[in-house]
Amino acid sequence: MTSTVAPTLSNSDSDSSHCHHHSDLSSTIFKSYLELSGEQQNEKHDLIKIQAFLTSSRSGALSCLICLERIRPSDPTWSCSSLCFAVFHLHCIQSWAVQSSNLAAARAATRAATPNESSLLWHCPKCRIEYPKSQIPKTYYCFCGKLPDPPHDPWVLPHSCGEICGRPLKYNCGHHCLLLCHPGPCPSCPKLVKSKCFCGALEDVKRCGFKNFSCNGICKNLLDCNTHRCSEICHEGDCPPCKAKGMFKCQCGKVEMKRECFDRVFRCENPCDKLLGCGRHKCEKGCHEGDCGDCPLQGKRTCPCGKRVYEGIACDVAVLVCGATCGKMLSCGFHRCPERCHRGPCIETCRVVVTKSCRCGSFMKLVPCYQDMTCERKCQKMRDCGRHACKRRCCDGDCPPCSEMCDRKLRCRNHKCPAPCHRGSCAPCPVMVPISCLCGETHFEVPCGAEAEQKPPKCRKSCRVGRLCRHASNCKSHRCHYGACPPCRLLCDEGYPCGHKCELRCHGPTPPPLPEFTLKPKKRRLNNQIEPTPGSSCPPCPQLVWRSCLGNHVGAERMMVCSDKAIFSCDNLCGNLLACGNHYCTKVCHTLVTSTSKSDRSRRAETCEKCTLPCQQEQEPACPHPCPLPCHPGACPPCKALIKRSCHCGSMVHVFECIYYNSLSAKEQLTVRSCGGPCHRRLRNCTHLCPETCHSGECPSPDQCSKKVTVRCGCRILKKELLCKEVQIAYRSSGTDAKDVPRNQYGLGLLPCNSDCRSKVKASGTQLQRRKSKAPEEKETKDNATKRRRRRGRVLEDKKTSTLQRIVAGIRRFLLFVIIMIALIASVYLGYKGLLWLSERMNEAEIQRQRRYTRT
């Protein structure tokens with residue numbers, strides 16, 4: 001270890017002098033120490049502190065916290081050896097210690113106290129560790145304290161003797177530090193020793209600095225109860241109290257409770273109540289173990305004031321008072337009790353009137369002894385800080401320290417003093433500012449306020465500033481540096497939207513140059529660029545491509561630059577199929593709309609024309625109606641027009657949808673048109689209807705009609721019933737076609753008239769004339785009489801209904817008025833009753849309130 005640190009220190013010093021360039025081996029040296037102390041965070045912190053001190057000393061970055069000046073290698077120094085190990089100028093710490101000691105002496109003098117040499121303390125400016133006045137440094141020593149006034153050697157660490165440190169290590173293990181004389185704390189002891197774990201079950205070889213270890217097994221040490229064993233993992237220090245539970249008795253044995261083993265000895269709340277040795281009094285002690293003892297009232301006894309002694313008095317006989325003055329000292333400590341000998345305690349407050357002065361001594365008054373005397377005068381004496389008055393009422397002269405905050409700017413000009421208000425100069429700023437290279441691998445700490453005068457350390461690590469261009473993974477690494485990173489030398493190779501790639505050198509964004517210091521950079525560097533350079537976008541694509549016209553016509557392409565957005569028309573007809581799918585666009589070549597979105601359509605200048613022709617497609621199935629839509633793509637919609645078709649016999653009309661009726665076959669159409677009832681067509685040769693169901697075509701067997709027909713003579717007196725087919729035969733035999741005979745004369749004249757026909761015709765003629773003359777008159781008189789009766793009846797009914805309606809409406813109005821009046825009267829009555837009840841309650845409450853007032 002010793003042979004390794006010496007070259008490191010010489011290398012650090014040579015780097016500071018810029019004469020030679022040696023590699024930094026400090027991280028390699030401390031790597032093994034950091035690995036060994038990985039389990040101890042405090043030890044690791046000490047090693048990091050040593051490494052930081054060495055780096056600061058090597059680069060000449062040590063600064064005095066008092067004067068904030070850089071500590072040069074030849075300046076006499078003093079370092080705190082208790083906690084912080086900070087380095088100061090010798091004359092600065094001497095002046096600081098003398099001022100602090102003198103201030104402590106002045107404070108003691110203001111309090112009328114005699115200052116002792118050991119009570120005059122001064123503290124370290126950084127860690128505030130106190131030192132006596134006798135330890136004010138007078139001589140310049142090296143870090144290990146062996147060599148006074150160490151000479152400056154460029155090949156040795158400044159302020160170091162260059163020899164082995166030799167200071168005793170931590171925990172008083174008996175070993176000494178083997179590093180060369182160094183600043184900061186010594187590392188943990190690296191020697192190998194045999195050591196047992198905390199519980200003593202395992203023995204192993206460990207580093208002396210970490211010889212105390214845990215075997216991670218069960219402790220099993222006997223606990224304080226001497227019954228159970230520890231069940232915790234092997235641990236440091238005493239075992240925890242036994243948590244086992246059980247039933248235990250109190251000291252007197254009256255109460256048994258379930259308690260934890262470590263708390264098994266307890267006292268109950270029951271009194272002892274055992275008879276004492278006298279047999280007359282009971283033990284007044286609480287729960288206890290052992291004998292109760294003798295009766296305290298046996299033997300010599302005195303009166304309450306203690307002036308008269310009685311012997312031989314039984315313990316159950318009360319002692320008489322002596323009648324003398326009590327004379328016991330009161331609680332004030334100055335006067336005695338003036339009462340006669342009495343039982344019980346004396347008065348608590350001494351009421352003797354004495355002359356008292358207040359605490360500050362400016363006012364005197366006769367007051368009872370128990371009463372404190374204070375005045376309202378405020379103390380105008382300045383406190384220790386010398387800036388604020390005491391302002392405490394009736395102060396006794398020992399003014400407390402000032403409670404205000406100092407809040408003055410420290411020398412660093414960055415922070416304010418957090419200490420209470422004080423005399424003299426403020427303590428130096430305890431903040432240490434890290435100064436590092438850009439990557440943060442090489443760094444050291446300087447006092448706050450000295451960072452602007454320090455140069456950043458040189459770093460030989462690779463630059464960790466990530467590139468912002470797309471070649472971050474392909475660029476070669478470069479060393480840590482200040483300022484902007486060198487530009488990327490690779491080709492851009494960025495893809496255009498058209499599919500080509502940029503062939504220029506990389507012109508993407510570059511990272512910004514980072515500031516050199518972490519706090520308050522120099523004014524000349526305030527204008528450094530702190531934002532990344534955005535870079536420039538790729539130029540338009542310069543590749544030559546064939547580009548077609550607006551209408552994408554074959555044979556109309558032209559050679560153009562890829563980034564040129566110029567479009568052209570070939571002046572031919574568009575010829576694109578219209579939306580209808582049946583006709584073609586007749587406009588001149590224009591931009592084609594390939595997207596159906598509204599945003600794309602809005603960016604297009606022109607679209608194909610709209611087809612305004614009517615639909616000319618043939619309907620399937622065949623239909624006489626034209627398609628109602630304009631020209632459209634695809635098949636026409638089914639024809640929903642209604643068509644009328646009568647049934648075969650003509651008795652009714654059917655209404656069908658065109659698509660339904662035309663999709664049927666001829667046979668199905670005939671079936672659908674049938675009404676399903678008897679045929680209403682008259683037979684061809686007679687006046688009768690067809691007896692068949694509604695059918696198509698001619699009626700079957702018109703000559704075989706079997707219905708009966710009344711046949712008459714020419715005068716209509718003689719008649720006879722014959723079958724219709726016989727009548728048709730009679731007509732055919734007479735040379736007459738039956739279908740030409742009128743319906744009302746069918747069968748008339750087929751029978752011959754006889755001699756009786758004429759006389760009957762005459763008689764019937766005269767009777768008919770009489771009937772015709774009488775009938776109209778009688779009919780008129782009867783009709784007029786019935787009309788008058790009906791009209792009169794309607795009038796009477798209207799009058800009856802109107803009178804009844806008036807009566808019902810009047811009754812309804814009267815009932816509604818009565819209901820409203822009843823409701824109004826009820827609401828007034830209830831409101832009056834409610835007001836009376838409320839008044840009574842308020843009177844009762846007032847009476848009760850007066851009663852309570854009189855009682856109190």
# chains A, B, ... in the order shown; residues from 1 in each chain; ligands from 1
call {"tool": "residues_around", "arguments": {"residues": "Cys295 in chain A", "least_positions_apart": "2", "cutoff": "7 Å", "atoms": "only C-alpha atoms", "output": "VMD selection string"}}
result
chain A and resid 276 to 278 293 297 to 298
call {"tool": "residues_around", "arguments": {"residues": "His89 in chain A", "least_positions_apart": "2", "cutoff": "8 Å", "atoms": "only C-alpha atoms", "output": "ChimeraX atom specification"}}
result
/A:64,71,75-78,87,91-93
call {"tool": "write_last_selection", "arguments": {"atoms": "N, CA, C and O atoms", "output": "JSON list (two decimals), in the first residue's frame"}}
result
[["chain", "number", "residue", "atom", "x", "y", "z"],
["A", 64, "CYS", "N", -8.88, 28.27, 1.87],
["A", 64, "CYS", "CA", -9.12, 28.52, 3.28],
["A", 64, "CYS", "C", -10.54, 29.02, 3.46],
["A", 64, "CYS", "O", -10.98, 29.94, 2.75],
["A", 71, "ILE", "N", -4.97, 28.08, -0.96],
["A", 71, "ILE", "CA", -3.83, 27.67, -0.13],
["A", 71, "ILE", "C", -2.73, 27.18, -1.05],
["A", 71, "ILE", "O", -2.86, 26.14, -1.72],
["A", 75, "ASP", "N", 2.36, 27.59, 1.78],
["A", 75, "ASP", "CA", 1.75, 28.30, 2.90],
["A", 75, "ASP", "C", 1.66, 27.40, 4.11],
["A", 75, "ASP", "O", 1.28, 26.22, 4.00],
["A", 76, "PRO", "N", 1.96, 27.91, 5.33],
["A", 76, "PRO", "CA", 1.75, 27.12, 6.57],
["A", 76, "PRO", "C", 0.25, 26.88, 6.77],
["A", 76, "PRO", "O", -0.57, 27.78, 6.59],
["A", 77, "THR", "N", -0.08, 25.69, 7.18],
["A", 77, "THR", "CA", -1.50, 25.31, 7.30],
["A", 77, "THR", "C", -1.75, 24.64, 8.64],
["A", 77, "THR", "O", -0.82, 24.26, 9.35],
["A", 78, "TRP", "N", -3.03, 24.52, 8.95],
["A", 78, "TRP", "CA", -3.51, 23.74, 10.10],
["A", 78, "TRP", "C", -4.78, 23.02, 9.66],
["A", 78, "TRP", "O", -5.62, 23.59, 8.95],
["A", 87, "VAL", "N", -8.74, 22.18, 5.92],
["A", 87, "VAL", "CA", -7.41, 22.78, 5.94],
["A", 87, "VAL", "C", -7.57, 24.30, 5.91],
["A", 87, "VAL", "O", -8.37, 24.83, 5.12],
["A", 91, "HIS", "N", -2.07, 31.33, 10.01],
["A", 91, "HIS", "CA", -2.33, 32.64, 10.62],
["A", 91, "HIS", "C", -3.83, 32.93, 10.66],
["A", 91, "HIS", "O", -4.30, 33.63, 11.57],
["A", 92, "CYS", "N", -4.63, 32.40, 9.72],
["A", 92, "CYS", "CA", -6.08, 32.61, 9.74],
["A", 92, "CYS", "C", -6.71, 31.89, 10.93],
["A", 92, "CYS", "O", -7.54, 32.46, 11.65],
["A", 93, "ILE", "N", -6.32, 30.64, 11.17],
["A", 93, "ILE", "CA", -6.92, 29.89, 12.27],
["A", 93, "ILE", "C", -6.44, 30.44, 13.61],
["A", 93, "ILE", "O", -7.19, 30.42, 14.62]]
call {"tool": "residues_around", "arguments": {"residues": "Cys631 in chain A", "least_positions_apart": "4", "cutoff": "7 Å", "atoms": "only C-alpha atoms", "output": "JSON, numbers by chain"}}
result
{"A": [580, 611, 612, 613, 614, 615]}
call {"tool": "select_by_dssp", "arguments": {"residues": "range 351-493 of chain A", "states": "strand (DSSP E or B)", "output": "PyMOL selection string"}}
result
chain A and resi 353-357+364-368+378+382+389+393+405+409+416+420+432-436+443-447+462+479+491
call {"tool": "write_last_selection", "arguments": {"atoms": "C-alpha atoms", "output": "tab-separated table (two decimals), in the first residue's frame"}}
result
chain	number	residue	atom	x	y	z
A	353	VAL	CA	-44.10	40.81	55.75
A	354	VAL	CA	-40.58	41.63	54.63
A	355	THR	CA	-38.97	44.34	52.51
A	356	LYS	CA	-38.13	42.94	49.11
A	357	SER	CA	-36.45	44.45	46.10
A	364	MET	CA	-38.35	48.00	46.99
A	365	LYS	CA	-41.61	47.26	48.79
A	366	LEU	CA	-43.12	45.54	51.86
A	367	VAL	CA	-44.70	42.32	50.69
A	368	PRO	CA	-45.45	38.86	52.19
A	378	LYS	CA	-37.44	46.97	30.80
A	382	MET	CA	-27.12	45.42	25.31
A	389	ALA	CA	-31.11	45.49	23.80
A	393	ARG	CA	-38.93	43.06	32.25
A	405	MET	CA	-30.93	35.59	13.74
A	409	LYS	CA	-24.17	38.13	4.27
A	416	LYS	CA	-26.59	34.43	5.00
A	420	PRO	CA	-27.93	33.61	16.40
A	432	MET	CA	-18.47	23.14	-0.02
A	433	VAL	CA	-18.98	23.65	-3.74
A	434	PRO	CA	-17.99	20.77	-6.03
A	435	ILE	CA	-16.05	21.71	-9.15
A	436	SER	CA	-15.84	18.99	-11.73
A	443	HIS	CA	-13.98	16.65	-9.35
A	444	PHE	CA	-12.89	18.35	-6.14
A	445	GLU	CA	-14.56	20.61	-3.57
A	446	VAL	CA	-13.77	24.21	-2.71
A	447	PRO	CA	-15.35	26.51	-0.12
A	462	SER	CA	-14.42	9.91	-22.58
A	479	ARG	CA	-12.25	13.02	-24.52
A	491	LEU	CA	-23.28	11.42	-44.02
call {"tool": "residues_around", "arguments": {"residues": "Pro125 in chain A", "least_positions_apart": "5", "cutoff": "8 Å", "atoms": "only C-alpha atoms", "output": "mmCIF file with all heavy atoms, in the first residue's frame"}}
result
data_model
loop_
_atom_site.group_PDB
_atom_site.id
_atom_site.type_symbol
_atom_site.label_atom_id
_atom_site.label_comp_id
_atom_site.auth_asym_id
_atom_site.auth_seq_id
_atom_site.Cartn_x
_atom_site.Cartn_y
_atom_site.Cartn_z
ATOM 1 N N LEU A 65 -11.272 28.412 4.391
ATOM 2 C CA LEU A 65 -12.654 28.808 4.621
ATOM 3 C C LEU A 65 -12.767 30.175 5.268
ATOM 4 O O LEU A 65 -13.834 30.800 5.225
ATOM 5 C CB LEU A 65 -13.358 27.768 5.511
ATOM 6 C CG LEU A 65 -13.731 26.438 4.861
ATOM 7 C CD1 LEU A 65 -14.295 25.506 5.913
ATOM 8 C CD2 LEU A 65 -14.752 26.660 3.761
ATOM 9 N N ILE A 66 -11.707 30.669 5.888
ATOM 10 C CA ILE A 66 -11.777 31.942 6.608
ATOM 11 C C ILE A 66 -11.525 33.112 5.667
ATOM 12 O O ILE A 66 -12.321 34.058 5.615
ATOM 13 C CB ILE A 66 -10.775 31.939 7.778
ATOM 14 C CG1 ILE A 66 -11.110 30.783 8.738
ATOM 15 C CG2 ILE A 66 -10.787 33.275 8.513
ATOM 16 C CD1 ILE A 66 -10.129 30.623 9.865
ATOM 17 N N ALA A 427 -19.036 33.249 11.123
ATOM 18 C CA ALA A 427 -18.288 32.045 10.769
ATOM 19 C C ALA A 427 -18.265 31.883 9.254
ATOM 20 O O ALA A 427 -19.173 32.355 8.555
ATOM 21 C CB ALA A 427 -18.928 30.828 11.421
ATOM 22 N N PRO A 428 -17.248 31.245 8.719
ATOM 23 C CA PRO A 428 -17.215 31.060 7.260
ATOM 24 C C PRO A 428 -18.352 30.159 6.797
ATOM 25 O O PRO A 428 -18.909 29.376 7.557
ATOM 26 C CB PRO A 428 -15.849 30.409 7.012
ATOM 27 C CG PRO A 428 -15.481 29.808 8.319
ATOM 28 C CD PRO A 428 -16.077 30.667 9.375
ATOM 29 N N PRO A 430 -20.197 27.189 5.602
ATOM 30 C CA PRO A 430 -19.828 25.768 5.702
ATOM 31 C C PRO A 430 -20.080 24.979 4.427
ATOM 32 O O PRO A 430 -19.760 23.796 4.366
ATOM 33 C CB PRO A 430 -20.720 25.261 6.837
ATOM 34 C CG PRO A 430 -21.937 26.129 6.755
ATOM 35 C CD PRO A 430 -21.464 27.464 6.299
#
call {"tool": "residues_around", "arguments": {"residues": "range 323-339 of chain A", "least_positions_apart": "2", "cutoff": "9 Å", "atoms": "only C-alpha atoms", "output": "JSON, numbers by chain"}}
result
{"A": [304, 305, 306, 307, 320, 321, 341, 342, 346, 347, 348, 349, 350, 352, 369, 370]}
call {"tool": "write_last_selection", "arguments": {"atoms": "all heavy atoms", "output": "compact mmCIF listing (two decimals), in the first residue's frame"}}
result
# COMPACT_ATOMS: atom_id res chain seq x y z
N PRO A 304 -45.59 16.41 67.94
CA PRO A 304 -45.48 16.78 66.53
C PRO A 304 -44.35 17.73 66.23
O PRO A 304 -43.74 17.65 65.16
CB PRO A 304 -46.85 17.41 66.24
CG PRO A 304 -47.78 16.76 67.20
CD PRO A 304 -46.99 16.55 68.45
N CYS A 305 -44.00 18.65 67.18
CA CYS A 305 -42.92 19.59 66.88
C CYS A 305 -41.55 19.01 67.23
O CYS A 305 -40.52 19.59 66.87
CB CYS A 305 -43.13 20.91 67.62
SG CYS A 305 -42.99 20.76 69.43
N GLY A 306 -41.49 17.86 67.96
CA GLY A 306 -40.25 17.19 68.27
C GLY A 306 -39.53 17.72 69.49
O GLY A 306 -38.39 17.30 69.77
N LYS A 307 -40.15 18.60 70.29
CA LYS A 307 -39.46 19.18 71.44
C LYS A 307 -39.60 18.32 72.71
O LYS A 307 -38.77 18.38 73.59
CB LYS A 307 -39.99 20.59 71.71
CG LYS A 307 -39.66 21.56 70.59
CD LYS A 307 -40.20 22.95 70.90
CE LYS A 307 -39.83 23.91 69.77
NZ LYS A 307 -40.37 25.27 70.03
N LEU A 320 -49.63 13.41 72.80
CA LEU A 320 -50.17 14.73 73.08
C LEU A 320 -49.26 15.81 72.54
O LEU A 320 -48.03 15.65 72.45
CB LEU A 320 -50.34 14.90 74.60
CG LEU A 320 -51.30 13.93 75.29
CD1 LEU A 320 -51.29 14.17 76.78
CD2 LEU A 320 -52.70 14.04 74.72
N VAL A 321 -49.88 16.94 72.18
CA VAL A 321 -49.09 18.08 71.75
C VAL A 321 -48.52 18.75 72.98
O VAL A 321 -49.13 18.74 74.08
CB VAL A 321 -49.97 19.06 70.93
CG1 VAL A 321 -50.40 18.42 69.64
CG2 VAL A 321 -51.17 19.54 71.70
N CYS A 341 -47.58 23.81 68.71
CA CYS A 341 -47.32 22.42 68.29
C CYS A 341 -48.62 21.81 67.77
O CYS A 341 -49.65 21.82 68.46
CB CYS A 341 -46.77 21.64 69.48
SG CYS A 341 -46.41 19.91 69.06
N HIS A 342 -48.54 21.31 66.55
CA HIS A 342 -49.76 20.85 65.88
C HIS A 342 -49.46 19.61 65.05
O HIS A 342 -48.31 19.33 64.69
CB HIS A 342 -50.32 21.95 64.98
CG HIS A 342 -49.37 22.40 63.92
ND1 HIS A 342 -49.22 21.77 62.71
CD2 HIS A 342 -48.45 23.42 63.94
CE1 HIS A 342 -48.30 22.37 62.01
NE2 HIS A 342 -47.80 23.38 62.74
N CYS A 346 -47.19 22.08 58.24
CA CYS A 346 -47.28 23.51 58.50
C CYS A 346 -47.88 24.22 57.29
O CYS A 346 -48.03 23.65 56.21
CB CYS A 346 -45.89 24.07 58.82
SG CYS A 346 -45.13 23.35 60.29
N ILE A 347 -48.16 25.51 57.47
CA ILE A 347 -48.75 26.29 56.38
C ILE A 347 -47.76 26.33 55.20
O ILE A 347 -46.55 26.37 55.38
CB ILE A 347 -49.10 27.70 56.85
CG1 ILE A 347 -47.87 28.39 57.46
CG2 ILE A 347 -50.25 27.66 57.85
CD1 ILE A 347 -48.13 29.84 57.85
N GLU A 348 -48.31 26.31 54.03
CA GLU A 348 -47.44 26.24 52.83
C GLU A 348 -46.85 27.60 52.50
O GLU A 348 -45.73 27.68 51.99
CB GLU A 348 -48.25 25.72 51.63
CG GLU A 348 -48.72 24.28 51.81
CD GLU A 348 -49.48 23.81 50.59
OE1 GLU A 348 -49.65 24.60 49.66
OE2 GLU A 348 -49.90 22.62 50.57
N THR A 349 -47.59 28.68 52.72
CA THR A 349 -47.12 30.02 52.33
C THR A 349 -46.72 30.80 53.55
O THR A 349 -47.47 30.90 54.54
CB THR A 349 -48.23 30.76 51.58
OG1 THR A 349 -49.39 30.84 52.42
CG2 THR A 349 -48.58 30.05 50.30
N CYS A 350 -45.53 31.35 53.51
CA CYS A 350 -45.03 32.19 54.59
C CYS A 350 -45.60 33.59 54.44
O CYS A 350 -45.35 34.27 53.42
CB CYS A 350 -43.50 32.22 54.56
SG CYS A 350 -42.78 33.22 55.87
N VAL A 352 -45.08 36.23 56.51
CA VAL A 352 -44.31 37.26 57.21
C VAL A 352 -44.01 38.39 56.23
O VAL A 352 -43.53 38.15 55.12
CB VAL A 352 -43.02 36.69 57.79
CG1 VAL A 352 -42.20 37.78 58.48
CG2 VAL A 352 -43.32 35.56 58.74
N CYS A 369 -43.72 37.23 52.52
CA CYS A 369 -42.48 36.52 52.14
C CYS A 369 -42.68 35.61 50.93
O CYS A 369 -41.78 35.46 50.12
CB CYS A 369 -41.99 35.72 53.34
SG CYS A 369 -40.45 34.82 53.05
N TYR A 370 -43.87 34.99 50.81
CA TYR A 370 -44.08 34.03 49.73
C TYR A 370 -44.26 34.72 48.37
O TYR A 370 -44.18 34.07 47.32
CB TYR A 370 -45.31 33.17 50.02
CG TYR A 370 -46.63 33.89 49.86
CD1 TYR A 370 -47.30 33.89 48.64
CD2 TYR A 370 -47.20 34.56 50.94
CE1 TYR A 370 -48.51 34.54 48.49
CE2 TYR A 370 -48.40 35.23 50.80
CZ TYR A 370 -49.07 35.21 49.57
OH TYR A 370 -50.26 35.86 49.41
call {"tool": "select_by_dssp", "arguments": {"residues": "range 647-821 of chain A", "states": "helix (DSSP H, G or I)", "output": "ChimeraX atom specification"}}
result
/A:658-662,666-673,702-704,724-733,738-740,743-745,756-821
call {"tool": "write_last_selection", "arguments": {"atoms": "C-alpha atoms", "output": "compact mmCIF listing (two decimals), in the first residue's frame"}}
result
# COMPACT_ATOMS: atom_id res chain seq x y z
CA CYS A 658 -94.29 -4.35 -59.55
CA ILE A 659 -91.23 -6.35 -58.50
CA TYR A 660 -93.41 -8.98 -56.85
CA TYR A 661 -95.92 -9.41 -59.70
CA ASN A 662 -93.34 -9.45 -62.49
CA ALA A 666 -97.45 -16.73 -66.07
CA LYS A 667 -99.18 -19.58 -64.27
CA GLU A 668 -98.52 -18.02 -60.85
CA GLN A 669 -99.84 -14.70 -62.09
CA LEU A 670 -103.13 -16.32 -63.15
CA THR A 671 -103.39 -18.01 -59.76
CA VAL A 672 -102.71 -14.79 -57.85
CA ARG A 673 -105.28 -12.81 -59.87
CA PRO A 702 -122.43 -22.27 -71.58
CA ASP A 703 -125.13 -24.42 -73.32
CA GLN A 704 -125.68 -26.70 -70.32
CA CYS A 724 -132.32 -22.67 -69.07
CA LYS A 725 -130.85 -25.13 -71.57
CA GLU A 726 -134.38 -25.95 -72.79
CA VAL A 727 -135.08 -22.23 -73.23
CA GLN A 728 -131.84 -21.90 -75.25
CA ILE A 729 -132.98 -24.83 -77.45
CA ALA A 730 -136.41 -23.11 -77.89
CA TYR A 731 -134.67 -19.88 -78.98
CA ARG A 732 -132.46 -21.75 -81.41
CA SER A 733 -135.43 -23.60 -82.87
CA ALA A 738 -130.32 -16.35 -76.92
CA LYS A 739 -127.44 -13.97 -76.25
CA ASP A 740 -129.18 -11.21 -78.23
CA ARG A 743 -132.18 -9.73 -69.75
CA ASN A 744 -135.62 -8.46 -68.66
CA GLN A 745 -137.28 -10.18 -71.65
CA ASP A 756 -158.65 -15.66 -71.39
CA CYS A 757 -155.51 -13.55 -71.68
CA ARG A 758 -157.24 -10.48 -73.18
CA SER A 759 -160.04 -10.11 -70.55
CA LYS A 760 -157.56 -10.43 -67.69
CA VAL A 761 -155.40 -7.81 -69.22
CA LYS A 762 -158.22 -5.27 -69.30
CA ALA A 763 -159.35 -5.83 -65.67
CA SER A 764 -155.90 -5.60 -64.35
CA GLY A 765 -155.32 -2.36 -66.26
CA THR A 766 -158.23 -0.49 -64.57
CA GLN A 767 -157.22 -1.63 -61.06
CA LEU A 768 -153.72 -0.50 -61.61
CA GLN A 769 -154.88 2.97 -62.57
CA ARG A 770 -156.90 3.30 -59.33
CA ARG A 771 -154.07 2.21 -57.13
CA LYS A 772 -151.70 4.64 -58.76
CA SER A 773 -154.04 7.65 -58.18
CA LYS A 774 -154.65 6.99 -54.41
CA ALA A 775 -151.27 5.91 -53.30
CA PRO A 776 -149.36 9.22 -53.77
CA GLU A 777 -151.86 11.31 -51.76
CA GLU A 778 -151.91 8.98 -48.77
CA LYS A 779 -148.19 8.68 -48.84
CA GLU A 780 -147.68 12.46 -48.77
CA THR A 781 -150.04 13.03 -45.78
CA LYS A 782 -148.37 10.25 -43.76
CA ASP A 783 -144.88 11.59 -44.44
CA ASN A 784 -145.76 15.14 -43.41
CA ALA A 785 -147.31 14.00 -40.10
CA THR A 786 -144.30 11.91 -39.09
CA LYS A 787 -141.85 14.79 -39.84
CA ARG A 788 -143.76 17.22 -37.58
CA ARG A 789 -143.83 14.72 -34.69
CA ARG A 790 -140.10 14.12 -34.96
CA ARG A 791 -139.27 17.82 -35.03
CA ARG A 792 -141.47 18.53 -31.99
CA GLY A 793 -139.89 15.68 -30.03
CA ARG A 794 -136.37 16.95 -30.75
CA VAL A 795 -137.25 20.46 -29.50
CA LEU A 796 -138.69 19.10 -26.23
CA GLU A 797 -135.65 16.90 -25.63
CA ASP A 798 -133.31 19.85 -26.17
CA LYS A 799 -135.20 21.96 -23.65
CA LYS A 800 -135.13 19.18 -21.02
CA THR A 801 -131.39 18.60 -21.39
CA SER A 802 -130.51 22.34 -21.25
CA THR A 803 -132.52 22.84 -18.00
CA LEU A 804 -130.91 19.82 -16.34
CA GLN A 805 -127.44 21.01 -17.31
CA ARG A 806 -128.09 24.45 -15.74
CA ILE A 807 -129.24 22.88 -12.47
CA VAL A 808 -126.17 20.59 -12.27
CA ALA A 809 -123.78 23.49 -12.98
CA GLY A 810 -125.36 25.63 -10.26
CA ILE A 811 -125.09 22.85 -7.68
CA ARG A 812 -121.40 22.38 -8.54
CA ARG A 813 -120.62 26.09 -8.08
CA PHE A 814 -122.39 26.16 -4.69
CA LEU A 815 -120.51 23.11 -3.42
CA LEU A 816 -117.15 24.57 -4.55
CA PHE A 817 -117.86 27.84 -2.74
CA VAL A 818 -118.81 25.99 0.46
CA ILE A 819 -115.58 23.92 0.38
CA ILE A 820 -113.42 27.02 -0.12
CA MET A 821 -115.06 28.83 2.79
call {"tool": "atom_distance", "arguments": {"atom1": "CA of Phe198 in chain A", "atom2": "CA of Phe262 in chain A"}}
result
22.0 Å
call {"tool": "residues_around", "arguments": {"residues": "Asn414 in chain A", "least_positions_apart": "5", "cutoff": "9 Å", "atoms": "only C-alpha atoms", "output": "list in words"}}
result
Lys409, Cys429, Cys448 and Gly449 of chain A
